[in-house]
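Notes follow once the structure below has been shown.
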Amino acid sequence: MIRAGDTIVNPMTGERLVFELTSNDTDGEYTLFDTFVEPGGTVAAAHVHPYQTEIFTVLEGRLGVKRGREKLELGPGEVALIDPGTAHKFWNAGEETLRFRAEVRPALQFESLIETMFGLAADGKTNTKGMPGPLRLAVIANHHFDVVRLPLVPHFMQKLALVPGALLGRAFGYRPTYEPAAGTPALA
């Protein structure tokens, strides 16, 4: 479980998150964290949060954002608002470490998803883009379906594919959440 003050690292995507407030601190209203992205770093994949708003406030560096069909490049003091249901991705658009504050409202199971994906990456259980194999991903995505979805595939089709994939993944022993081994660099 992520707590305020925790740092979590994804070595595959070049992201480091430092949590200021967690869902536990805000009674689930939101989670607030600073995101550091190394040069060349990017979020693992374009995605949609069906019920959550994200607010990115750039503190240092250059933030690249694809929000729906629009492409933005933001500097310190500039803000990107990502409405629920909007496809998006982000990356470091500069040559220095990017730092932006991210707020996710409501929190839902966002922290569980991040802890799972970053833990898998830190333990070497993802590809070079930070994505686990298809069966493990089906188990995780099915469990976190209210938090994250693919941007182009209709949601009912995603669910139709995820349910049998998750059942098969569970049969292979995959769980919907992942707790990194003690001492791994994901949760520092």
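Ordering of the structure tokens sets the chain letters (A, B, ...), residue numbers begin anew at 1 in every chain, and ligands are numbered from 1 in the order given.
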If you count only C-alpha atoms, which residues fall within 9 Å of A:Ala138, apart from same-chain ones fewer than 5 positions away, as an mmCIF file with all heavy atoms, in the first residue's frame?
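What follows is the written file around_0.cif:
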```
data_model
loop_
_atom_site.group_PDB
_atom_site.id
_atom_site.type_symbol
_atom_site.label_atom_id
_atom_site.label_comp_id
_atom_site.auth_asym_id
_atom_site.auth_seq_id
_atom_site.Cartn_x
_atom_site.Cartn_y
_atom_site.Cartn_z
ATOM 1 N N GLY A 133 3.125 -9.426 -19.829
ATOM 2 C CA GLY A 133 2.598 -10.317 -20.861
ATOM 3 C C GLY A 133 1.078 -10.279 -20.922
ATOM 4 O O GLY A 133 0.419 -9.824 -19.976
ATOM 5 N N HIS A 143 -9.303 -6.339 -13.443
ATOM 6 C CA HIS A 143 -9.487 -5.902 -12.054
ATOM 7 C C HIS A 143 -9.561 -4.374 -11.949
ATOM 8 O O HIS A 143 -10.304 -3.836 -11.119
ATOM 9 C CB HIS A 143 -8.338 -6.437 -11.198
ATOM 10 C CG HIS A 143 -8.428 -6.056 -9.753
ATOM 11 N ND1 HIS A 143 -9.297 -6.656 -8.885
ATOM 12 C CD2 HIS A 143 -7.762 -5.120 -9.034
ATOM 13 C CE1 HIS A 143 -9.157 -6.125 -7.678
ATOM 14 N NE2 HIS A 143 -8.233 -5.180 -7.746
ATOM 15 N N ALA A 161 -13.110 -9.418 -24.109
ATOM 16 C CA ALA A 161 -11.807 -10.070 -24.252
ATOM 17 C C ALA A 161 -11.122 -10.274 -22.899
ATOM 18 O O ALA A 161 -10.440 -11.284 -22.691
ATOM 19 C CB ALA A 161 -10.913 -9.252 -25.174
ATOM 20 N N LEU A 162 -11.302 -9.317 -21.996
ATOM 21 C CA LEU A 162 -10.601 -9.387 -20.709
ATOM 22 C C LEU A 162 -11.106 -10.502 -19.810
ATOM 23 O O LEU A 162 -10.309 -11.147 -19.123
ATOM 24 C CB LEU A 162 -10.716 -8.054 -19.965
ATOM 25 C CG LEU A 162 -9.846 -6.920 -20.477
ATOM 26 C CD1 LEU A 162 -10.152 -5.636 -19.712
ATOM 27 C CD2 LEU A 162 -8.371 -7.270 -20.364
ATOM 28 N N VAL A 163 -12.405 -10.734 -19.786
ATOM 29 C CA VAL A 163 -12.948 -11.730 -18.857
ATOM 30 C C VAL A 163 -12.355 -13.118 -19.097
ATOM 31 O O VAL A 163 -11.793 -13.717 -18.172
ATOM 32 C CB VAL A 163 -14.493 -11.726 -18.866
ATOM 33 C CG1 VAL A 163 -15.050 -12.916 -18.106
ATOM 34 C CG2 VAL A 163 -15.009 -10.424 -18.259
ATOM 35 N N PRO A 164 -12.410 -13.673 -20.323
ATOM 36 C CA PRO A 164 -11.786 -14.988 -20.504
ATOM 37 C C PRO A 164 -10.268 -14.949 -20.354
ATOM 38 O O PRO A 164 -9.664 -15.885 -19.817
ATOM 39 C CB PRO A 164 -12.198 -15.403 -21.917
ATOM 40 C CG PRO A 164 -12.716 -14.187 -22.586
ATOM 41 C CD PRO A 164 -13.111 -13.224 -21.516
ATOM 42 N N GLY A 165 -9.632 -13.832 -20.788
ATOM 43 C CA GLY A 165 -8.181 -13.709 -20.611
ATOM 44 C C GLY A 165 -7.800 -13.685 -19.145
ATOM 45 O O GLY A 165 -6.813 -14.303 -18.737
ATOM 46 N N ALA A 166 -8.597 -12.979 -18.336
ATOM 47 C CA ALA A 166 -8.327 -12.917 -16.901
ATOM 48 C C ALA A 166 -8.541 -14.276 -16.239
ATOM 49 O O ALA A 166 -7.769 -14.673 -15.362
ATOM 50 C CB ALA A 166 -9.207 -11.856 -16.246
ATOM 51 N N LEU A 167 -9.582 -14.988 -16.652
ATOM 52 C CA LEU A 167 -9.811 -16.334 -16.099
ATOM 53 C C LEU A 167 -8.636 -17.257 -16.415
ATOM 54 O O LEU A 167 -8.166 -17.994 -15.545
ATOM 55 C CB LEU A 167 -11.114 -16.919 -16.646
ATOM 56 C CG LEU A 167 -12.400 -16.305 -16.094
ATOM 57 C CD1 LEU A 167 -13.612 -16.812 -16.877
ATOM 58 C CD2 LEU A 167 -12.548 -16.612 -14.608
ATOM 59 N N LEU A 168 -8.161 -17.195 -17.648
ATOM 60 C CA LEU A 168 -7.011 -18.025 -18.036
ATOM 61 C C LEU A 168 -5.756 -17.580 -17.283
ATOM 62 O O LEU A 168 -4.994 -18.418 -16.776
ATOM 63 C CB LEU A 168 -6.809 -17.942 -19.548
ATOM 64 C CG LEU A 168 -5.762 -18.864 -20.153
ATOM 65 C CD1 LEU A 168 -6.042 -20.329 -19.810
ATOM 66 C CD2 LEU A 168 -5.724 -18.675 -21.663
ATOM 67 N N GLY A 169 -5.572 -16.269 -17.189
ATOM 68 C CA GLY A 169 -4.415 -15.753 -16.451
ATOM 69 C C GLY A 169 -4.435 -16.159 -14.994
ATOM 70 O O GLY A 169 -3.407 -16.537 -14.428
ATOM 71 N N PRO A 176 -4.408 -9.998 -9.653
ATOM 72 C CA PRO A 176 -4.750 -8.666 -10.157
ATOM 73 C C PRO A 176 -3.885 -7.535 -9.598
ATOM 74 O O PRO A 176 -3.842 -6.455 -10.156
ATOM 75 C CB PRO A 176 -6.207 -8.480 -9.748
ATOM 76 C CG PRO A 176 -6.429 -9.430 -8.636
ATOM 77 C CD PRO A 176 -5.482 -10.575 -8.844
#
```
Enumerate, in order of chain and increasing residue number, the residues of stretch 23-60 of chain A with an atom no farther than 6 Å from stretch 72-90 of chain A, each with its shortest atom pair and distance in Å to one decimal, counting only C-alpha atoms, as a Markdown table.
```
| residue | atom | partner | partner_atom | distance |
| --- | --- | --- | --- | --- |
| A:Thr42 | CA | A:Phe90 | CA | 6.0 |
| A:Val43 | CA | A:Phe90 | CA | 5.8 |
| A:Ala46 | CA | A:Lys89 | CA | 4.6 |
| A:His47 | CA | A:Ala87 | CA | 5.4 |
| A:Val48 | CA | A:Ala87 | CA | 4.7 |
| A:His49 | CA | A:Gly85 | CA | 5.6 |
| A:Pro50 | CA | A:Gly85 | CA | 4.4 |
| A:Tyr51 | CA | A:Pro84 | CA | 5.1 |
| A:Gln52 | CA | A:Pro84 | CA | 4.9 |
| A:Thr53 | CA | A:Asp83 | CA | 4.9 |
| A:Glu54 | CA | A:Ile82 | CA | 5.0 |
| A:Ile55 | CA | A:Leu81 | CA | 4.7 |
| A:Phe56 | CA | A:Ala80 | CA | 5.1 |
| A:Thr57 | CA | A:Val79 | CA | 4.5 |
| A:Val58 | CA | A:Pro76 | CA | 4.7 |
| A:Leu59 | CA | A:Pro76 | CA | 4.8 |
| A:Glu60 | CA | A:Pro76 | CA | 5.3 |
```
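Checking A:Glu20, A:Asp27, A:Glu179, A:Glu38 one by one against A:Arg99, counting only C-alpha atoms, you find the shortest gap at A:Glu38.
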In Å, with one decimal, what is the gap from atom CA of A:Leu120 to atom CA of A:Lys159?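 Interatomic distance here is 22.8 Å.
Here the question is which of A:Tyr178, A:Phe33, A:Phe110, A:Phe100 gets nearest to A:Val148 using only C-alpha atoms, and that residue is A:Phe110.
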From a DSSP pass on the backbone, collect the residues of stretch 67-186 of chain A flagged as alpha helix (DSSP H) and hand them back as a ChimeraX atom specification. /A:110-122,134-143,155-171
With only C-alpha atoms as the basis for distance, which of A:Ile8, A:Ala44, A:Met157, A:Leu17 is at the shortest distance from A:Gly130? A:Ala44
What are the closest atom pairs, with distances in Å to one decimal, for all residues of stretch 109-167 of chain A lying within 9 Å of stretch 2-5 of chain A? Consider only C-alpha atoms, order rows by chain and residue number, and present the result as JSON lines.
```
{"residue": "A:Glu111", "atom": "CA", "partner": "A:Ile2", "partner_atom": "CA", "distance": 6.8}
{"residue": "A:Ser112", "atom": "CA", "partner": "A:Ile2", "partner_atom": "CA", "distance": 8.1}
{"residue": "A:Glu115", "atom": "CA", "partner": "A:Ile2", "partner_atom": "CA", "distance": 7.4}
```
Separation of atom CA of A:Glu15 from atom CA of A:Phe118, in Å and rounded to one decimal: 9.0 Å
Selection: 6 Å around A:Ala122, only C-alpha atoms, excl. self and same-chain fewer than 2 positions, as a tab-separated table (two decimals) with N, CA and C atoms, in the first residue's frame:
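What landed in selection-v8.tsv:
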```tsv
chain	number	residue	atom	x	y	z
A	10	ASN	N	9.58	3.28	-11.95
A	10	ASN	CA	9.42	2.37	-13.08
A	10	ASN	C	10.67	2.51	-13.94
A	119	GLY	N	5.81	-2.13	-9.84
A	119	GLY	CA	6.45	-3.27	-9.18
A	119	GLY	C	6.87	-4.35	-10.17
A	120	LEU	N	6.00	-4.65	-11.12
A	120	LEU	CA	6.33	-5.64	-12.15
A	120	LEU	C	7.54	-5.18	-12.96
A	124	GLY	N	11.50	-6.81	-13.27
A	124	GLY	CA	11.86	-7.39	-14.57
A	124	GLY	C	10.76	-8.27	-15.17
A	186	ALA	N	11.24	-0.66	-6.71
A	186	ALA	CA	9.98	-0.03	-7.11
A	186	ALA	C	9.48	0.91	-6.03
```
Just list as a ChimeraX atom specification whatever in chain A DSSP marks as strand (DSSP E or B). /A:7-10,15-21,31-37,42,47-48,53-60,63-67,70-74,79-82,88-92,98-105,149,187
Export, as a PDB file, in the first residue's frame, the selected residues with C-alpha atoms.
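result_12.pdb was written with the following content:
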```pdb
ATOM      1  CA  THR A   7       8.577   7.023  -3.865  1.00  0.00           C
ATOM      2  CA  ILE A   8       7.885   4.448  -6.561  1.00  0.00           C
ATOM      3  CA  VAL A   9      10.051   3.896  -9.667  1.00  0.00           C
ATOM      4  CA  ASN A  10       9.424   2.366 -13.080  1.00  0.00           C
ATOM      5  CA  GLU A  15       9.160   7.510 -14.312  1.00  0.00           C
ATOM      6  CA  ARG A  16       9.496   8.171 -10.597  1.00  0.00           C
ATOM      7  CA  LEU A  17       6.469   9.143  -8.493  1.00  0.00           C
ATOM      8  CA  VAL A  18       6.671  10.807  -5.078  1.00  0.00           C
ATOM      9  CA  PHE A  19       3.314  10.699  -3.294  1.00  0.00           C
ATOM     10  CA  GLU A  20       2.214  13.822  -1.426  1.00  0.00           C
ATOM     11  CA  LEU A  21      -1.325  12.663  -0.553  1.00  0.00           C
ATOM     12  CA  THR A  31      -4.339  11.224  -4.961  1.00  0.00           C
ATOM     13  CA  LEU A  32      -1.551  13.791  -5.433  1.00  0.00           C
ATOM     14  CA  PHE A  33       2.014  13.080  -6.464  1.00  0.00           C
ATOM     15  CA  ASP A  34       5.036  14.564  -8.197  1.00  0.00           C
ATOM     16  CA  THR A  35       6.044  12.761 -11.373  1.00  0.00           C
ATOM     17  CA  PHE A  36       9.673  12.826 -12.496  1.00  0.00           C
ATOM     18  CA  VAL A  37      10.365  11.606 -16.041  1.00  0.00           C
ATOM     19  CA  THR A  42       7.246   8.174 -21.441  1.00  0.00           C
ATOM     20  CA  HIS A  47      -4.876   5.076 -22.124  1.00  0.00           C
ATOM     21  CA  VAL A  48      -8.241   6.330 -20.844  1.00  0.00           C
ATOM     22  CA  THR A  53      -9.907  13.557 -14.061  1.00  0.00           C
ATOM     23  CA  GLU A  54      -6.160  14.103 -14.189  1.00  0.00           C
ATOM     24  CA  ILE A  55      -4.500  17.477 -13.745  1.00  0.00           C
ATOM     25  CA  PHE A  56      -0.820  17.842 -14.700  1.00  0.00           C
ATOM     26  CA  THR A  57       0.970  20.991 -13.495  1.00  0.00           C
ATOM     27  CA  VAL A  58       4.499  21.367 -14.879  1.00  0.00           C
ATOM     28  CA  LEU A  59       7.067  22.321 -12.239  1.00  0.00           C
ATOM     29  CA  GLU A  60      10.341  21.807 -14.186  1.00  0.00           C
ATOM     30  CA  LEU A  63       5.916  17.994 -20.713  1.00  0.00           C
ATOM     31  CA  GLY A  64       4.625  16.497 -23.944  1.00  0.00           C
ATOM     32  CA  VAL A  65       0.967  15.445 -23.831  1.00  0.00           C
ATOM     33  CA  LYS A  66      -1.291  13.901 -26.416  1.00  0.00           C
ATOM     34  CA  ARG A  67      -4.836  14.601 -25.198  1.00  0.00           C
ATOM     35  CA  GLU A  70      -4.457  17.521 -29.644  1.00  0.00           C
ATOM     36  CA  LYS A  71      -0.737  17.513 -28.976  1.00  0.00           C
ATOM     37  CA  LEU A  72       0.631  19.884 -26.338  1.00  0.00           C
ATOM     38  CA  GLU A  73       4.058  20.874 -25.103  1.00  0.00           C
ATOM     39  CA  LEU A  74       3.991  22.582 -21.735  1.00  0.00           C
ATOM     40  CA  VAL A  79      -1.424  22.944 -16.745  1.00  0.00           C
ATOM     41  CA  ALA A  80      -3.015  20.112 -18.731  1.00  0.00           C
ATOM     42  CA  LEU A  81      -6.480  18.941 -17.717  1.00  0.00           C
ATOM     43  CA  ILE A  82      -7.436  15.421 -18.818  1.00  0.00           C
ATOM     44  CA  HIS A  88      -3.998  10.507 -23.449  1.00  0.00           C
ATOM     45  CA  LYS A  89      -0.326   9.821 -23.017  1.00  0.00           C
ATOM     46  CA  PHE A  90       2.618  11.908 -21.834  1.00  0.00           C
ATOM     47  CA  TRP A  91       6.382  12.048 -22.245  1.00  0.00           C
ATOM     48  CA  ASN A  92       9.431  14.128 -21.400  1.00  0.00           C
ATOM     49  CA  LEU A  98      10.752  16.623 -16.239  1.00  0.00           C
ATOM     50  CA  ARG A  99       8.832  17.211 -13.006  1.00  0.00           C
ATOM     51  CA  PHE A 100       5.106  17.711 -12.901  1.00  0.00           C
ATOM     52  CA  ARG A 101       2.511  17.475 -10.166  1.00  0.00           C
ATOM     53  CA  ALA A 102      -0.312  15.060 -10.953  1.00  0.00           C
ATOM     54  CA  GLU A 103      -3.703  14.992  -9.287  1.00  0.00           C
ATOM     55  CA  VAL A 104      -6.117  12.124  -9.979  1.00  0.00           C
ATOM     56  CA  ARG A 105      -9.791  12.618  -8.953  1.00  0.00           C
ATOM     57  CA  ARG A 149      -8.859   1.207 -20.464  1.00  0.00           C
ATOM     58  CA  LEU A 187       8.908   1.255  -3.695  1.00  0.00           C
TER      59      LEU A 187
END
```
Just checking: using only C-alpha atoms, which residue out of A:Phe172, A:Met117, A:Asp123, A:Pro154 ends up closest to A:Leu135?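 Smallest separation from A:Leu135 among the options: A:Phe172.
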When you count only C-alpha atoms, which of these residues is closest to A:Gln158: A:Thr126, A:Tyr174, A:Glu96, A:Ala141? A:Ala141
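What separates atom CA of A:Val147 from atom CA of A:Ile114 is a distance of 10.5 Å.
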Distance criterion (only C-alpha atoms): nearest to A:Gly61 out of A:Thr128, A:Asn142, A:Thr116, A:Thr97: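 Answer, going by the shortest atom-to-atom distance: A:Thr97.
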